[in-house]
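A.B. asks: File coords-v8.pdb below, PDB, C-alpha atoms:
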ATOM      1  CA  ASP A   1     103.603  89.489 110.111
ATOM      2  CA  ALA A   2     104.661  92.593 108.270
ATOM      3  CA  GLY A   3     102.430  95.626 108.338
ATOM      4  CA  ILE A   4     101.198  98.250 110.713
ATOM      5  CA  THR A   5      99.788  97.281 114.075
ATOM      6  CA  GLN A   6      98.163  99.178 116.887
ATOM      7  CA  SER A   7      97.747  98.286 120.520
ATOM      8  CA  PRO A   8      95.592  98.066 122.417
ATOM      9  CA  ARG A   9      92.668  97.603 120.044
ATOM     10  CA  TYR A  10      90.193  98.614 122.739
ATOM     11  CA  LYS A  11      90.754 100.715 125.830
ATOM     12  CA  ILE A  12      88.511 102.068 128.522
ATOM     13  CA  THR A  13      89.960 104.628 130.891
ATOM     14  CA  GLU A  14      88.855 107.328 133.277
ATOM     15  CA  THR A  15      89.050 111.075 133.026
ATOM     16  CA  GLY A  16      92.418 112.396 134.113
ATOM     17  CA  ARG A  17      94.410 109.225 133.514
ATOM     18  CA  GLN A  18      97.362 109.026 131.169
ATOM     19  CA  VAL A  19      96.938 106.665 128.243
ATOM     20  CA  THR A  20      99.428 105.619 125.585
ATOM     21  CA  LEU A  21      98.386 104.156 122.273
ATOM     22  CA  MET A  22     101.053 102.213 120.453
ATOM     23  CA  CYS A  23     101.749 102.053 116.740
ATOM     24  CA  HIS A  24     104.332  99.824 115.100
ATOM     25  CA  GLN A  25     105.165  99.375 111.425
ATOM     26  CA  THR A  26     107.550  96.894 109.877
ATOM     27  CA  TRP A  27     108.123  98.579 106.498
ATOM     28  CA  SER A  28     110.633 101.182 107.705
ATOM     29  CA  HIS A  29     108.374 103.883 106.303
ATOM     30  CA  SER A  30     109.650 107.371 107.002
ATOM     31  CA  TYR A  31     106.297 109.054 107.498
ATOM     32  CA  MET A  32     103.832 108.206 110.209
ATOM     33  CA  PHE A  33     100.540 109.789 111.219
ATOM     34  CA  TRP A  34      97.935 109.723 113.939
ATOM     35  CA  TYR A  35      94.302 110.451 113.107
ATOM     36  CA  ARG A  36      91.156 110.385 115.166
ATOM     37  CA  GLN A  37      87.780 109.467 113.744
ATOM     38  CA  ASP A  38      84.593 110.953 115.135
ATOM     39  CA  LEU A  39      81.055 110.912 113.788
ATOM     40  CA  GLY A  40      80.461 113.910 111.565
ATOM     41  CA  HIS A  41      84.148 114.768 111.269
ATOM     42  CA  GLY A  42      85.688 112.006 109.227
ATOM     43  CA  LEU A  43      89.337 111.510 110.141
ATOM     44  CA  ARG A  44      91.331 114.402 111.526
ATOM     45  CA  LEU A  45      95.082 114.561 111.839
ATOM     46  CA  ILE A  46      96.493 114.792 115.345
ATOM     47  CA  TYR A  47     100.262 114.553 114.806
ATOM     48  CA  TYR A  48     102.630 113.374 112.164
ATOM     49  CA  SER A  49     106.275 112.492 111.847
ATOM     50  CA  ALA A  50     108.660 112.663 108.895
ATOM     51  CA  ALA A  51     111.400 110.565 110.520
ATOM     52  CA  ALA A  52     112.748 109.517 113.877
ATOM     53  CA  ASP A  53     112.872 112.513 116.222
ATOM     54  CA  ILE A  54     110.935 114.722 113.778
ATOM     55  CA  THR A  55     107.309 115.352 114.688
ATOM     56  CA  ASP A  56     104.795 118.103 114.065
ATOM     57  CA  LYS A  57     101.260 119.057 114.968
ATOM     58  CA  GLY A  58      98.257 118.334 112.847
ATOM     59  CA  GLU A  59      94.763 119.754 112.957
ATOM     60  CA  VAL A  60      93.761 118.655 116.488
ATOM     61  CA  PRO A  61      96.918 118.239 118.642
ATOM     62  CA  ASP A  62      95.710 119.642 121.966
ATOM     63  CA  GLY A  63      95.884 117.138 124.808
ATOM     64  CA  TYR A  64      98.162 114.745 122.924
ATOM     65  CA  VAL A  65     101.880 114.085 122.938
ATOM     66  CA  VAL A  66     103.905 111.993 120.510
ATOM     67  CA  SER A  67     107.425 110.716 120.290
ATOM     68  CA  ARG A  68     109.428 108.883 117.670
ATOM     69  CA  SER A  69     112.685 107.563 118.995
ATOM     70  CA  LYS A  70     112.693 104.683 116.491
ATOM     71  CA  THR A  71     111.503 104.705 112.900
ATOM     72  CA  GLU A  72     109.114 101.809 113.424
ATOM     73  CA  ASN A  73     107.290 103.125 116.493
ATOM     74  CA  PHE A  74     105.076 106.160 116.905
ATOM     75  CA  PRO A  75     103.277 106.158 120.273
ATOM     76  CA  LEU A  76     100.498 108.633 121.033
ATOM     77  CA  THR A  77      99.988 109.701 124.640
ATOM     78  CA  LEU A  78      96.961 111.354 126.151
ATOM     79  CA  GLU A  79      98.507 113.096 129.122
ATOM     80  CA  SER A  80      95.248 113.580 131.039
ATOM     81  CA  ALA A  81      92.369 111.940 129.228
ATOM     82  CA  THR A  82      89.108 113.816 128.778
ATOM     83  CA  ARG A  83      85.718 112.557 127.625
ATOM     84  CA  SER A  84      86.080 114.537 124.400
ATOM     85  CA  GLN A  85      88.988 112.262 123.524
ATOM     86  CA  THR A  86      86.683 109.277 123.279
ATOM     87  CA  SER A  87      87.234 108.290 119.674
ATOM     88  CA  VAL A  88      88.695 105.760 117.292
ATOM     89  CA  TYR A  89      92.390 106.388 116.693
ATOM     90  CA  PHE A  90      94.147 105.365 113.517
ATOM     91  CA  CYS A  91      97.849 105.217 112.954
ATOM     92  CA  ALA A  92      99.118 105.346 109.372
ATOM     93  CA  SER A  93     102.436 105.212 107.571
ATOM     94  CA  ARG A  94     103.680 106.232 104.159
ATOM     95  CA  LYS A  95     106.778 105.270 102.291
ATOM     96  CA  GLY A  96     107.480 108.067  99.910
ATOM     97  CA  GLN A  97     109.275 111.328  99.856
ATOM     98  CA  GLY A  98     107.576 114.689  99.890
ATOM     99  CA  ASN A  99     104.726 115.065  97.469
ATOM    100  CA  SER A 100     105.233 111.987  95.340
ATOM    101  CA  TYR A 101     102.378 109.562  95.135
ATOM    102  CA  ASN A 102     102.390 106.990  97.862
ATOM    103  CA  GLU A 103      99.318 105.734  99.576
ATOM    104  CA  GLN A 104      98.995 105.789 103.308
ATOM    105  CA  PHE A 105      98.609 102.422 104.980
ATOM    106  CA  PHE A 106      96.386 102.433 108.005
ATOM    107  CA  GLY A 107      96.521 100.371 111.133
ATOM    108  CA  PRO A 108      93.396  98.589 112.388
ATOM    109  CA  GLY A 109      92.496 101.373 114.819
ATOM    110  CA  THR A 110      92.169 101.695 118.591
ATOM    111  CA  ARG A 111      88.761 102.351 120.066
ATOM    112  CA  LEU A 112      89.250 104.512 123.174
ATOM    113  CA  THR A 113      86.512 105.284 125.663
ATOM    114  CA  VAL A 114      87.076 107.846 128.392
ATOM    115  CA  LEU A 115      84.574 107.628 131.219
TER
ATOM    116  CA  ALA B   1      85.882 126.530 104.380
ATOM    117  CA  GLN B   2      85.867 122.771 104.165
ATOM    118  CA  LYS B   3      88.794 121.433 102.185
ATOM    119  CA  ILE B   4      86.968 118.231 101.306
ATOM    120  CA  THR B   5      83.190 118.103 101.014
ATOM    121  CA  GLN B   6      81.140 114.971 100.646
ATOM    122  CA  THR B   7      77.551 116.116 100.373
ATOM    123  CA  GLN B   8      75.907 112.698 100.471
ATOM    124  CA  PRO B   9      75.680 111.348 104.027
ATOM    125  CA  GLY B  10      74.106 108.153 102.680
ATOM    126  CA  MET B  11      73.561 106.529  99.328
ATOM    127  CA  PHE B  12      71.595 103.477  98.246
ATOM    128  CA  VAL B  13      72.179 101.395  95.144
ATOM    129  CA  GLN B  14      70.786  98.195  93.735
ATOM    130  CA  GLU B  15      73.178  95.303  93.339
ATOM    131  CA  LYS B  16      74.871  95.216  89.917
ATOM    132  CA  GLU B  17      74.123  98.873  89.219
ATOM    133  CA  ALA B  18      76.648 101.705  89.133
ATOM    134  CA  VAL B  19      76.824 104.427  91.759
ATOM    135  CA  THR B  20      78.626 107.760  91.984
ATOM    136  CA  LEU B  21      79.866 109.165  95.277
ATOM    137  CA  ASP B  22      80.497 112.887  95.195
ATOM    138  CA  CYS B  23      83.553 114.715  96.419
ATOM    139  CA  THR B  24      84.520 118.333  95.964
ATOM    140  CA  TYR B  25      87.718 119.888  97.229
ATOM    141  CA  ASP B  26      89.233 123.261  97.848
ATOM    142  CA  THR B  27      92.904 124.038  97.406
ATOM    143  CA  SER B  28      95.126 126.740  96.010
ATOM    144  CA  ASP B  29      97.968 124.300  95.353
ATOM    145  CA  GLN B  30      98.797 123.281  91.796
ATOM    146  CA  SER B  31     100.211 119.971  92.920
ATOM    147  CA  TYR B  32      97.900 117.811  94.988
ATOM    148  CA  GLY B  33      96.531 114.301  95.177
ATOM    149  CA  LEU B  34      93.093 112.882  95.747
ATOM    150  CA  PHE B  35      92.378 109.550  97.408
ATOM    151  CA  TRP B  36      89.388 107.395  98.106
ATOM    152  CA  TYR B  37      89.265 104.995 101.032
ATOM    153  CA  LYS B  38      86.680 102.410 101.966
ATOM    154  CA  GLN B  39      85.816 101.646 105.578
ATOM    155  CA  PRO B  40      83.658  98.541 106.048
ATOM    156  CA  SER B  41      81.804  97.862 109.264
ATOM    157  CA  SER B  42      84.871  96.059 110.605
ATOM    158  CA  GLY B  43      86.563  99.447 110.797
ATOM    159  CA  GLU B  44      89.742  99.146 108.743
ATOM    160  CA  MET B  45      90.668 101.772 106.166
ATOM    161  CA  ILE B  46      91.148 100.321 102.694
ATOM    162  CA  PHE B  47      92.808 102.346  99.943
ATOM    163  CA  LEU B  48      90.826 102.286  96.689
ATOM    164  CA  ILE B  49      92.147 104.760  94.166
ATOM    165  CA  TYR B  50      94.394 107.771  93.653
ATOM    166  CA  GLN B  51      94.339 110.737  91.256
ATOM    167  CA  GLY B  52      97.181 113.203  90.915
ATOM    168  CA  SER B  53      96.388 116.783  89.974
ATOM    169  CA  TYR B  54      98.594 116.552  86.888
ATOM    170  CA  ASP B  55      97.222 113.222  85.718
ATOM    171  CA  GLU B  56      95.465 113.791  82.429
ATOM    172  CA  GLN B  57      93.441 110.625  82.491
ATOM    173  CA  ASN B  58      90.926 109.579  85.097
ATOM    174  CA  ALA B  59      92.242 106.903  87.420
ATOM    175  CA  THR B  60      90.734 103.430  87.295
ATOM    176  CA  GLU B  61      91.197 100.405  89.509
ATOM    177  CA  GLY B  62      89.022  97.472  88.616
ATOM    178  CA  ARG B  63      85.398  98.436  89.297
ATOM    179  CA  TYR B  64      86.468 101.791  90.729
ATOM    180  CA  SER B  65      87.037 104.874  88.654
ATOM    181  CA  LEU B  66      87.600 108.453  89.627
ATOM    182  CA  ASN B  67      85.776 111.115  87.648
ATOM    183  CA  PHE B  68      88.255 113.970  87.977
ATOM    184  CA  GLN B  69      87.013 117.400  86.889
ATOM    185  CA  LYS B  70      89.788 119.770  87.773
ATOM    186  CA  ALA B  71      88.048 123.013  86.819
ATOM    187  CA  ARG B  72      85.094 122.094  88.988
ATOM    188  CA  LYS B  73      87.358 120.778  91.747
ATOM    189  CA  SER B  74      85.494 117.535  91.936
ATOM    190  CA  ALA B  75      86.764 113.984  92.276
ATOM    191  CA  ASN B  76      83.784 111.684  92.268
ATOM    192  CA  LEU B  77      84.155 107.952  92.823
ATOM    193  CA  VAL B  78      82.256 105.706  90.453
ATOM    194  CA  ILE B  79      81.666 102.106  91.456
ATOM    195  CA  SER B  80      80.434  99.943  88.608
ATOM    196  CA  ALA B  81      78.454  96.723  89.017
ATOM    197  CA  SER B  82      77.887  97.191  92.752
ATOM    198  CA  GLN B  83      78.225  94.195  95.013
ATOM    199  CA  LEU B  84      76.821  93.558  98.468
ATOM    200  CA  GLY B  85      80.359  93.734  99.800
ATOM    201  CA  ASP B  86      80.606  97.337  98.636
ATOM    202  CA  SER B  87      78.340  98.398 101.491
ATOM    203  CA  ALA B  88      80.608 100.564 103.624
ATOM    204  CA  MET B  89      81.632 104.103 104.497
ATOM    205  CA  TYR B  90      83.627 105.840 101.762
ATOM    206  CA  PHE B  91      86.018 108.689 102.406
ATOM    207  CA  CYS B  92      87.487 111.156  99.975
ATOM    208  CA  ALA B  93      90.816 112.665 101.021
ATOM    209  CA  MET B  94      93.300 115.190  99.683
ATOM    210  CA  ARG B  95      97.034 115.622  99.986
ATOM    211  CA  GLU B  96      98.282 119.147  99.392
ATOM    212  CA  LYS B  97     101.748 120.478  98.961
ATOM    213  CA  GLY B  98     101.237 122.980 101.762
ATOM    214  CA  ALA B  99     103.383 125.733 103.162
ATOM    215  CA  GLY B 100     107.103 125.237 102.727
ATOM    216  CA  GLY B 101     106.595 123.064  99.678
ATOM    217  CA  THR B 102     105.853 119.759 101.319
ATOM    218  CA  SER B 103     103.032 118.231 103.314
ATOM    219  CA  TYR B 104     104.752 114.979 104.287
ATOM    220  CA  GLY B 105     101.766 113.326 102.720
ATOM    221  CA  LYS B 106      99.255 114.129 105.423
ATOM    222  CA  LEU B 107      95.685 113.787 104.314
ATOM    223  CA  THR B 108      92.586 115.884 104.845
ATOM    224  CA  PHE B 109      89.426 113.784 104.859
ATOM    225  CA  GLY B 110      85.817 114.464 104.054
ATOM    226  CA  GLN B 111      83.061 113.404 106.399
ATOM    227  CA  GLY B 112      82.291 110.273 104.450
ATOM    228  CA  THR B 113      79.364 108.718 102.612
ATOM    229  CA  ILE B 114      77.673 105.544 103.789
ATOM    230  CA  LEU B 115      76.866 103.335 100.822
ATOM    231  CA  THR B 116      74.262 100.610 101.144
ATOM    232  CA  VAL B 117      73.925  98.051  98.379
ATOM    233  CA  HIS B 118      70.536  96.364  98.175
ATOM    234  CA  PRO B 119      70.153  92.832  96.752
TER
END
Once you've parsed the file, please lay out its structure as structure tokens.

C.D. replies:
Amino acid sequence: DAGITQSPRYKITETGRQVTLMCHQTWSHSYMFWYRQDLGHGLRLIYYSAAADITDKGEVPDGYVVSRSKTENFPLTLESATRSQTSVYFCASRKGQGNSYNEQFFGPGTRLTVL
Amino acid sequence: AQKITQTQPGMFVQEKEAVTLDCTYDTSDQSYGLFWYKQPSSGEMIFLIYQGSYDEQNATEGRYSLNFQKARKSANLVISASQLGDSAMYFCAMREKGAGGTSYGKLTFGQGTILTVHP
């Protein structure tokens, strides 16, 4: 089915382990985003990408790495997971150019627990 | 300073009545956009409504309307004729132009308001 998918949907890992969260969209949207959602903070931007091989930091990038070798995929890697990275992670994509109106479409989220 | 402020952690409304969820924002950009998203207990983010800073009329989408008061920097969501299915978390978000003239559309979110609709 077309849309934006995330995998895994649930993940439990241990402190210090590397974890990769996958995001895939079938619309060929140029822009993709990773947010984390924590109680009391709403959603906060981790990284974003304007196109393949173009990425930039958001509000809370520390401890995360992203790549975008293909337009449709935008994986997020926690290089050495910490308990503070326990959160719900949302991937999103957007079609439009620059500042024109285009809504962001969100994936279903990945609930990550770091023990 | 918070860019997006939602001062109501929780709101209650009776079924079939209208409810207003508050949102104030802070930006120095002239060109920006304001969004509302709904997050039910299942967790997905559902887009509800959008208001551009240059739009002269308040946005409406079915039972949702956005009360945009630019001078006050507020963008309140009004839900008319509330339904039980409206019970959810609601987020206000802003897209700014940002440094360099483009933001790539990234959003800044408020902390959210939990709406409970009573039968």

A.B. asks: Can you give me, as a ChimeraX atom specification, the residues this file yields under the PyMOL selection byres ((chain B) within 12 of (chain A))?

C.D. replies: /B:2-7,9,29-40,42-55,89-98,100-114

A.B. asks: Using only C-alpha atoms and a cutoff of 6 Å, can you tell me which residues are near (73.1, 104.7, 97.0) in the file's coordinates, and write them out as a PyMOL selection string?

C.D. replies: chain B and resi 11-13+115-116

A.B. asks: Could you name the residues that touch Tyr10 (chain A) at 12 Å or less, counting only C-alpha atoms, but leaving out those on the same chain fewer than 3 positions away, as a PyMOL selection string?

C.D. replies: chain A and resi 6-7+13+19-22+86-89+108-114

A.B. asks: By how many Å are CA of Asp86 (chain B) and CA of Glu61 (chain B) apart?

C.D. replies: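 Distance between the two atoms: 14.3 Å.
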
A.B. asks: What is the distance, in Å and to one decimal place, between CA of Val78 (chain B) and CA of Lys16 (chain B)?

C.D. replies: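 Computing the Euclidean distance for CA of Val78 (chain B) and CA of Lys16 (chain B) yields 12.8 Å.
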
A.B. asks: Taking into account only C-alpha atoms, which residue in the set B:Tyr64, B:Ser41, B:Ser80, B:Thr20 is nearest to Gln8 (chain B)?

C.D. replies: B:Thr20

A.B. asks: Between CA of Pro75 (chain A) and CA of Cys91 (chain A), what distance in Å does the model show, to one decimal?

C.D. replies: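 Taking CA of Pro75 (chain A) and CA of Cys91 (chain A), their separation equals 9.2 Å.
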